[in-house]
>>> print(open('my_file.pdb').read())   # PDB, N, CA and C atoms
ATOM      1  N   MET J   1      -6.545   0.510   1.543
ATOM      2  CA  MET J   1      -5.595  -0.439   1.013
ATOM      3  C   MET J   1      -4.993   0.059  -0.295
ATOM      4  N   PHE J   2      -5.833   0.682  -1.119
ATOM      5  CA  PHE J   2      -5.317   1.187  -2.389
ATOM      6  C   PHE J   2      -4.280   2.284  -2.148
ATOM      7  N   ASP J   3      -4.530   3.135  -1.148
ATOM      8  CA  ASP J   3      -3.577   4.204  -0.826
ATOM      9  C   ASP J   3      -2.240   3.622  -0.379
ATOM     10  N   ILE J   4      -2.298   2.598   0.448
ATOM     11  CA  ILE J   4      -1.072   1.958   0.938
ATOM     12  C   ILE J   4      -0.322   1.324  -0.223
ATOM     13  N   ALA J   5      -1.049   0.655  -1.103
ATOM     14  CA  ALA J   5      -0.424   0.023  -2.266
ATOM     15  C   ALA J   5       0.249   1.067  -3.153
ATOM     16  N   LEU J   6      -0.435   2.178  -3.382
ATOM     17  CA  LEU J   6       0.136   3.237  -4.220
ATOM     18  C   LEU J   6       1.384   3.825  -3.578
ATOM     19  N   GLN J   7       1.331   4.075  -2.280
ATOM     20  CA  GLN J   7       2.458   4.656  -1.559
ATOM     21  C   GLN J   7       3.662   3.712  -1.511
ATOM     22  N   CYS J   8       3.414   2.437  -1.236
ATOM     23  CA  CYS J   8       4.509   1.494  -0.971
ATOM     24  C   CYS J   8       4.962   0.690  -2.186
ATOM     25  N   TYR J   9       4.056   0.470  -3.135
ATOM     26  CA  TYR J   9       4.402  -0.325  -4.322
ATOM     27  C   TYR J   9       4.426   0.501  -5.606
ATOM     28  N   GLY J  10       3.951   1.757  -5.521
ATOM     29  CA  GLY J  10       3.963   2.620  -6.684
ATOM     30  C   GLY J  10       2.863   2.331  -7.679
ATOM     31  N   SER J  11       1.882   1.530  -7.262
ATOM     32  CA  SER J  11       0.761   1.179  -8.135
ATOM     33  C   SER J  11      -0.366   0.604  -7.296
ATOM     34  N   VAL J  12      -1.606   0.894  -7.693
ATOM     35  CA  VAL J  12      -2.735   0.306  -6.975
ATOM     36  C   VAL J  12      -2.782  -1.206  -7.171
ATOM     37  N   GLU J  13      -2.108  -1.695  -8.198
ATOM     38  CA  GLU J  13      -2.043  -3.146  -8.411
ATOM     39  C   GLU J  13      -1.319  -3.851  -7.264
ATOM     40  N   GLY J  14      -0.556  -3.107  -6.481
ATOM     41  CA  GLY J  14       0.129  -3.656  -5.320
ATOM     42  C   GLY J  14      -0.832  -4.102  -4.235
ATOM     43  N   VAL J  15      -2.100  -3.722  -4.352
ATOM     44  CA  VAL J  15      -3.094  -4.136  -3.357
ATOM     45  C   VAL J  15      -3.191  -5.666  -3.300
ATOM     46  N   TYR J  16      -3.021  -6.325  -4.422
ATOM     47  CA  TYR J  16      -3.073  -7.788  -4.436
ATOM     48  C   TYR J  16      -1.887  -8.374  -3.675
ATOM     49  N   GLN J  17      -0.749  -7.694  -3.732
ATOM     50  CA  GLN J  17       0.423  -8.126  -2.982
ATOM     51  C   GLN J  17       0.170  -7.959  -1.488
ATOM     52  N   LEU J  18      -0.453  -6.851  -1.118
ATOM     53  CA  LEU J  18      -0.799  -6.621   0.287
ATOM     54  C   LEU J  18      -1.723  -7.715   0.815
ATOM     55  N   ILE J  19      -2.723  -8.052   0.039
ATOM     56  CA  ILE J  19      -3.673  -9.091   0.447
ATOM     57  C   ILE J  19      -2.956 -10.415   0.630
ATOM     58  N   SER J  20      -2.124 -10.760  -0.311
ATOM     59  CA  SER J  20      -1.408 -12.030  -0.271
ATOM     60  C   SER J  20      -0.410 -12.093   0.887
ATOM     61  N   ASP J  21       0.422 -11.068   1.024
ATOM     62  CA  ASP J  21       1.477 -11.075   2.030
ATOM     63  C   ASP J  21       0.960 -10.953   3.461
ATOM     64  N   ASN J  22      -0.280 -10.496   3.613
ATOM     65  CA  ASN J  22      -0.827 -10.297   4.947
ATOM     66  C   ASN J  22      -1.956 -11.267   5.288
ATOM     67  N   ASN J  23      -2.074 -12.315   4.482
ATOM     68  CA  ASN J  23      -3.077 -13.358   4.722
ATOM     69  C   ASN J  23      -4.487 -12.806   4.889
ATOM     70  N   LEU J  24      -4.813 -11.817   4.081
ATOM     71  CA  LEU J  24      -6.159 -11.271   4.089
ATOM     72  C   LEU J  24      -6.987 -12.028   3.063
ATOM     73  N   THR J  25      -8.279 -12.034   3.236
ATOM     74  CA  THR J  25      -9.125 -12.778   2.298
ATOM     75  C   THR J  25      -9.662 -11.913   1.175
ATOM     76  N   SER J  26      -9.773 -10.588   1.425
ATOM     77  CA  SER J  26     -10.296  -9.717   0.377
ATOM     78  C   SER J  26     -10.003  -8.257   0.698
ATOM     79  N   LEU J  27     -10.357  -7.393  -0.244
ATOM     80  CA  LEU J  27     -10.198  -5.946  -0.052
ATOM     81  C   LEU J  27     -11.138  -5.412   1.010
ATOM     82  N   THR J  28     -12.181  -6.141   1.288
ATOM     83  CA  THR J  28     -13.181  -5.642   2.227
ATOM     84  C   THR J  28     -12.902  -6.043   3.671
ATOM     85  N   ASP J  29     -11.793  -6.731   3.916
ATOM     86  CA  ASP J  29     -11.429  -7.073   5.289
ATOM     87  C   ASP J  29     -11.244  -5.787   6.101
ATOM     88  N   LEU J  30     -11.817  -5.756   7.278
ATOM     89  CA  LEU J  30     -11.631  -4.615   8.162
ATOM     90  C   LEU J  30     -10.384  -4.852   9.002
ATOM     91  N   LEU J  31      -9.530  -3.855   9.036
ATOM     92  CA  LEU J  31      -8.295  -3.969   9.800
ATOM     93  C   LEU J  31      -8.414  -3.143  11.073
ATOM     94  N   PRO J  32      -8.089  -3.729  12.204
ATOM     95  CA  PRO J  32      -8.123  -2.958  13.447
ATOM     96  C   PRO J  32      -7.084  -1.825  13.407
ATOM     97  N   VAL J  33      -7.358  -0.769  14.150
ATOM     98  CA  VAL J  33      -6.409   0.340  14.267
ATOM     99  C   VAL J  33      -5.082  -0.214  14.769
ATOM    100  N   ASP J  34      -3.985   0.327  14.271
ATOM    101  CA  ASP J  34      -2.617  -0.065  14.630
ATOM    102  C   ASP J  34      -2.198  -1.419  14.065
ATOM    103  N   THR J  35      -2.930  -1.925  13.080
ATOM    104  CA  THR J  35      -2.520  -3.157  12.423
ATOM    105  C   THR J  35      -1.247  -2.893  11.635
ATOM    106  N   GLU J  36      -0.252  -3.738  11.801
ATOM    107  CA  GLU J  36       0.980  -3.609  11.037
ATOM    108  C   GLU J  36       0.913  -4.545   9.849
ATOM    109  N   LEU J  37       1.093  -3.972   8.666
ATOM    110  CA  LEU J  37       1.051  -4.757   7.437
ATOM    111  C   LEU J  37       2.466  -5.088   6.970
ATOM    112  N   VAL J  38       2.613  -6.249   6.374
ATOM    113  CA  VAL J  38       3.880  -6.639   5.764
ATOM    114  C   VAL J  38       3.952  -5.968   4.397
ATOM    115  N   ILE J  39       5.037  -5.235   4.165
ATOM    116  CA  ILE J  39       5.296  -4.587   2.874
ATOM    117  C   ILE J  39       6.578  -5.198   2.333
ATOM    118  N   ASP J  40       6.465  -5.921   1.236
ATOM    119  CA  ASP J  40       7.634  -6.581   0.637
ATOM    120  C   ASP J  40       8.258  -5.645  -0.390
ATOM    121  N   THR J  41       9.336  -4.973   0.002
ATOM    122  CA  THR J  41       9.964  -3.979  -0.873
ATOM    123  C   THR J  41      10.663  -4.594  -2.083
ATOM    124  N   THR J  42      10.787  -5.914  -2.109
ATOM    125  CA  THR J  42      11.364  -6.554  -3.296
ATOM    126  C   THR J  42      10.334  -6.676  -4.409
ATOM    127  N   LYS J  43       9.079  -6.349  -4.109
ATOM    128  CA  LYS J  43       8.001  -6.496  -5.092
ATOM    129  C   LYS J  43       7.413  -5.161  -5.528
ATOM    130  N   ILE J  44       8.195  -4.093  -5.397
ATOM    131  CA  ILE J  44       7.739  -2.763  -5.813
ATOM    132  C   ILE J  44       7.481  -2.775  -7.319
ATOM    133  N   ILE J  45       6.371  -2.196  -7.711
ATOM    134  CA  ILE J  45       5.959  -2.187  -9.119
ATOM    135  C   ILE J  45       6.539  -0.973  -9.851
ATOM    136  N   ASN J  46       6.507   0.197  -9.220
ATOM    137  CA  ASN J  46       7.006   1.421  -9.843
ATOM    138  C   ASN J  46       7.930   2.137  -8.862
ATOM    139  N   GLN J  47       9.191   1.790  -8.897
ATOM    140  CA  GLN J  47      10.178   2.336  -7.956
ATOM    141  C   GLN J  47      10.303   3.848  -8.081
ATOM    142  N   GLN J  48      10.206   4.387  -9.303
ATOM    143  CA  GLN J  48      10.320   5.833  -9.500
ATOM    144  C   GLN J  48       9.233   6.578  -8.734
ATOM    145  N   LEU J  49       8.028   6.080  -8.758
ATOM    146  CA  LEU J  49       6.921   6.730  -8.062
ATOM    147  C   LEU J  49       7.104   6.630  -6.546
ATOM    148  N   VAL J  50       7.510   5.476  -6.064
ATOM    149  CA  VAL J  50       7.778   5.298  -4.634
ATOM    150  C   VAL J  50       8.877   6.268  -4.192
ATOM    151  N   ASP J  51       9.927   6.379  -4.960
ATOM    152  CA  ASP J  51      11.019   7.301  -4.640
ATOM    153  C   ASP J  51      10.548   8.755  -4.649
ATOM    154  N   TYR J  52       9.713   9.099  -5.619
ATOM    155  CA  TYR J  52       9.191  10.460  -5.712
ATOM    156  C   TYR J  52       8.383  10.816  -4.466
ATOM    157  N   TYR J  53       7.465   9.934  -4.086
ATOM    158  CA  TYR J  53       6.671  10.182  -2.872
ATOM    159  C   TYR J  53       7.585  10.363  -1.663
ATOM    160  N   ASP J  54       8.615   9.547  -1.580
ATOM    161  CA  ASP J  54       9.536   9.618  -0.454
ATOM    162  C   ASP J  54      10.329  10.931  -0.468
ATOM    163  N   GLN J  55      10.878  11.290  -1.616
ATOM    164  CA  GLN J  55      11.676  12.525  -1.740
ATOM    165  C   GLN J  55      10.859  13.761  -1.414
ATOM    166  N   GLU J  56       9.645  13.794  -1.924
ATOM    167  CA  GLU J  56       8.792  14.973  -1.749
ATOM    168  C   GLU J  56       7.980  14.914  -0.453
ATOM    169  N   LYS J  57       8.180  13.841   0.317
ATOM    170  CA  LYS J  57       7.461  13.640   1.573
ATOM    171  C   LYS J  57       5.937  13.701   1.369
ATOM    172  N   ILE J  58       5.504  13.022   0.320
ATOM    173  CA  ILE J  58       4.084  12.960  -0.007
ATOM    174  C   ILE J  58       3.501  11.693   0.587
ATOM    175  N   ASN J  59       2.407  11.847   1.309
ATOM    176  CA  ASN J  59       1.663  10.699   1.813
ATOM    177  C   ASN J  59       0.360  10.621   1.061
ATOM    178  N   VAL J  60       0.180   9.550   0.319
ATOM    179  CA  VAL J  60      -1.042   9.349  -0.439
ATOM    180  C   VAL J  60      -2.137   8.985   0.552
ATOM    181  N   CYS J  61      -3.235   9.672   0.465
ATOM    182  CA  CYS J  61      -4.332   9.407   1.407
ATOM    183  C   CYS J  61      -5.634   9.840   0.775
ATOM    184  N   SER J  62      -6.645   9.031   0.951
ATOM    185  CA  SER J  62      -7.978   9.436   0.528
ATOM    186  C   SER J  62      -8.884   9.389   1.742
ATOM    187  N   SER J  63      -9.868  10.210   1.740
ATOM    188  CA  SER J  63     -10.795  10.273   2.872
ATOM    189  C   SER J  63     -12.212  10.073   2.375
ATOM    190  N   ILE J  64     -13.007   9.518   3.231
ATOM    191  CA  ILE J  64     -14.441   9.371   2.943
ATOM    192  C   ILE J  64     -15.169  10.313   3.874
ATOM    193  N   TYR J  65     -15.950  11.194   3.304
ATOM    194  CA  TYR J  65     -16.706  12.148   4.118
ATOM    195  C   TYR J  65     -18.151  11.800   4.127
TER     196      TYR J  65
END
>>> encode(input="my_file.pdb", output="structure tokens")
Amino acid sequence: MFDIALQCYGSVEGVYQLISDNNLTSLTDLLPVDTELVIDTTKIINQQLVDYYDQEKINVCSSIY
């Protein structure tokens, strides 16, 4: 969720927007594969960072090994 928030809202603080807009109860909610999340582009926190990721074709991703 933090990766999605950073990619789409330009800040990890966007995670709260994701939770709210998608009727989730917490960060620990498990999402089934292929779940489509609502991303409200009118609530972007850091547009410059979002644009940078888009221009450079950077996908923010973290992995747990």
>>> closest_residue(input="my_file.pdb", among="J:Cys8, J:Leu24, J:Cys61, J:Val15", to="Ile39 in chain J", atoms="only N, CA and C atoms")
J:Cys8
>>> resolve_selection(input="my_file.pdb", expression="the PyMOL selection byres ((chain J and resi 53-60) around 8)", output="count of residues only")
15
>>> atom_distance(input="my_file.pdb", atom1="CA of Gly10 in chain J", atom2="atom C of Lys43 in chain J")
8.6 Å
>>> select_by_dssp(input="my_file.pdb", residues="chain J", states="helix (DSSP H, G or I)", output="number ranges by chain")
J: 2-9, 12-21, 41-43, 47-55
>>> resolve_selection(input="my_file.pdb", expression="the PyMOL selection byres ((chain J and resi 37) around 8)", output="list in words")
Leu18, Asp21, Asn22, Asp34, Thr35, Glu36, Val38, Ile39 and Asp40 of chain J
>>> atom_distance(input="my_file.pdb", atom1="CA of Leu30 in chain J", atom2="atom N of Met1 in chain J")
9.8 Å
>>> closest_residue(input="my_file.pdb", among="J:Asn23, J:Thr42, J:Gln17, J:Thr28", to="Ala5 in chain J", atoms="only N, CA and C atoms")
J:Gln17
>>> atom_distance(input="my_file.pdb", atom1="atom C of Tyr9 in chain J", atom2="atom N of Leu27 in chain J")
17.6 Å
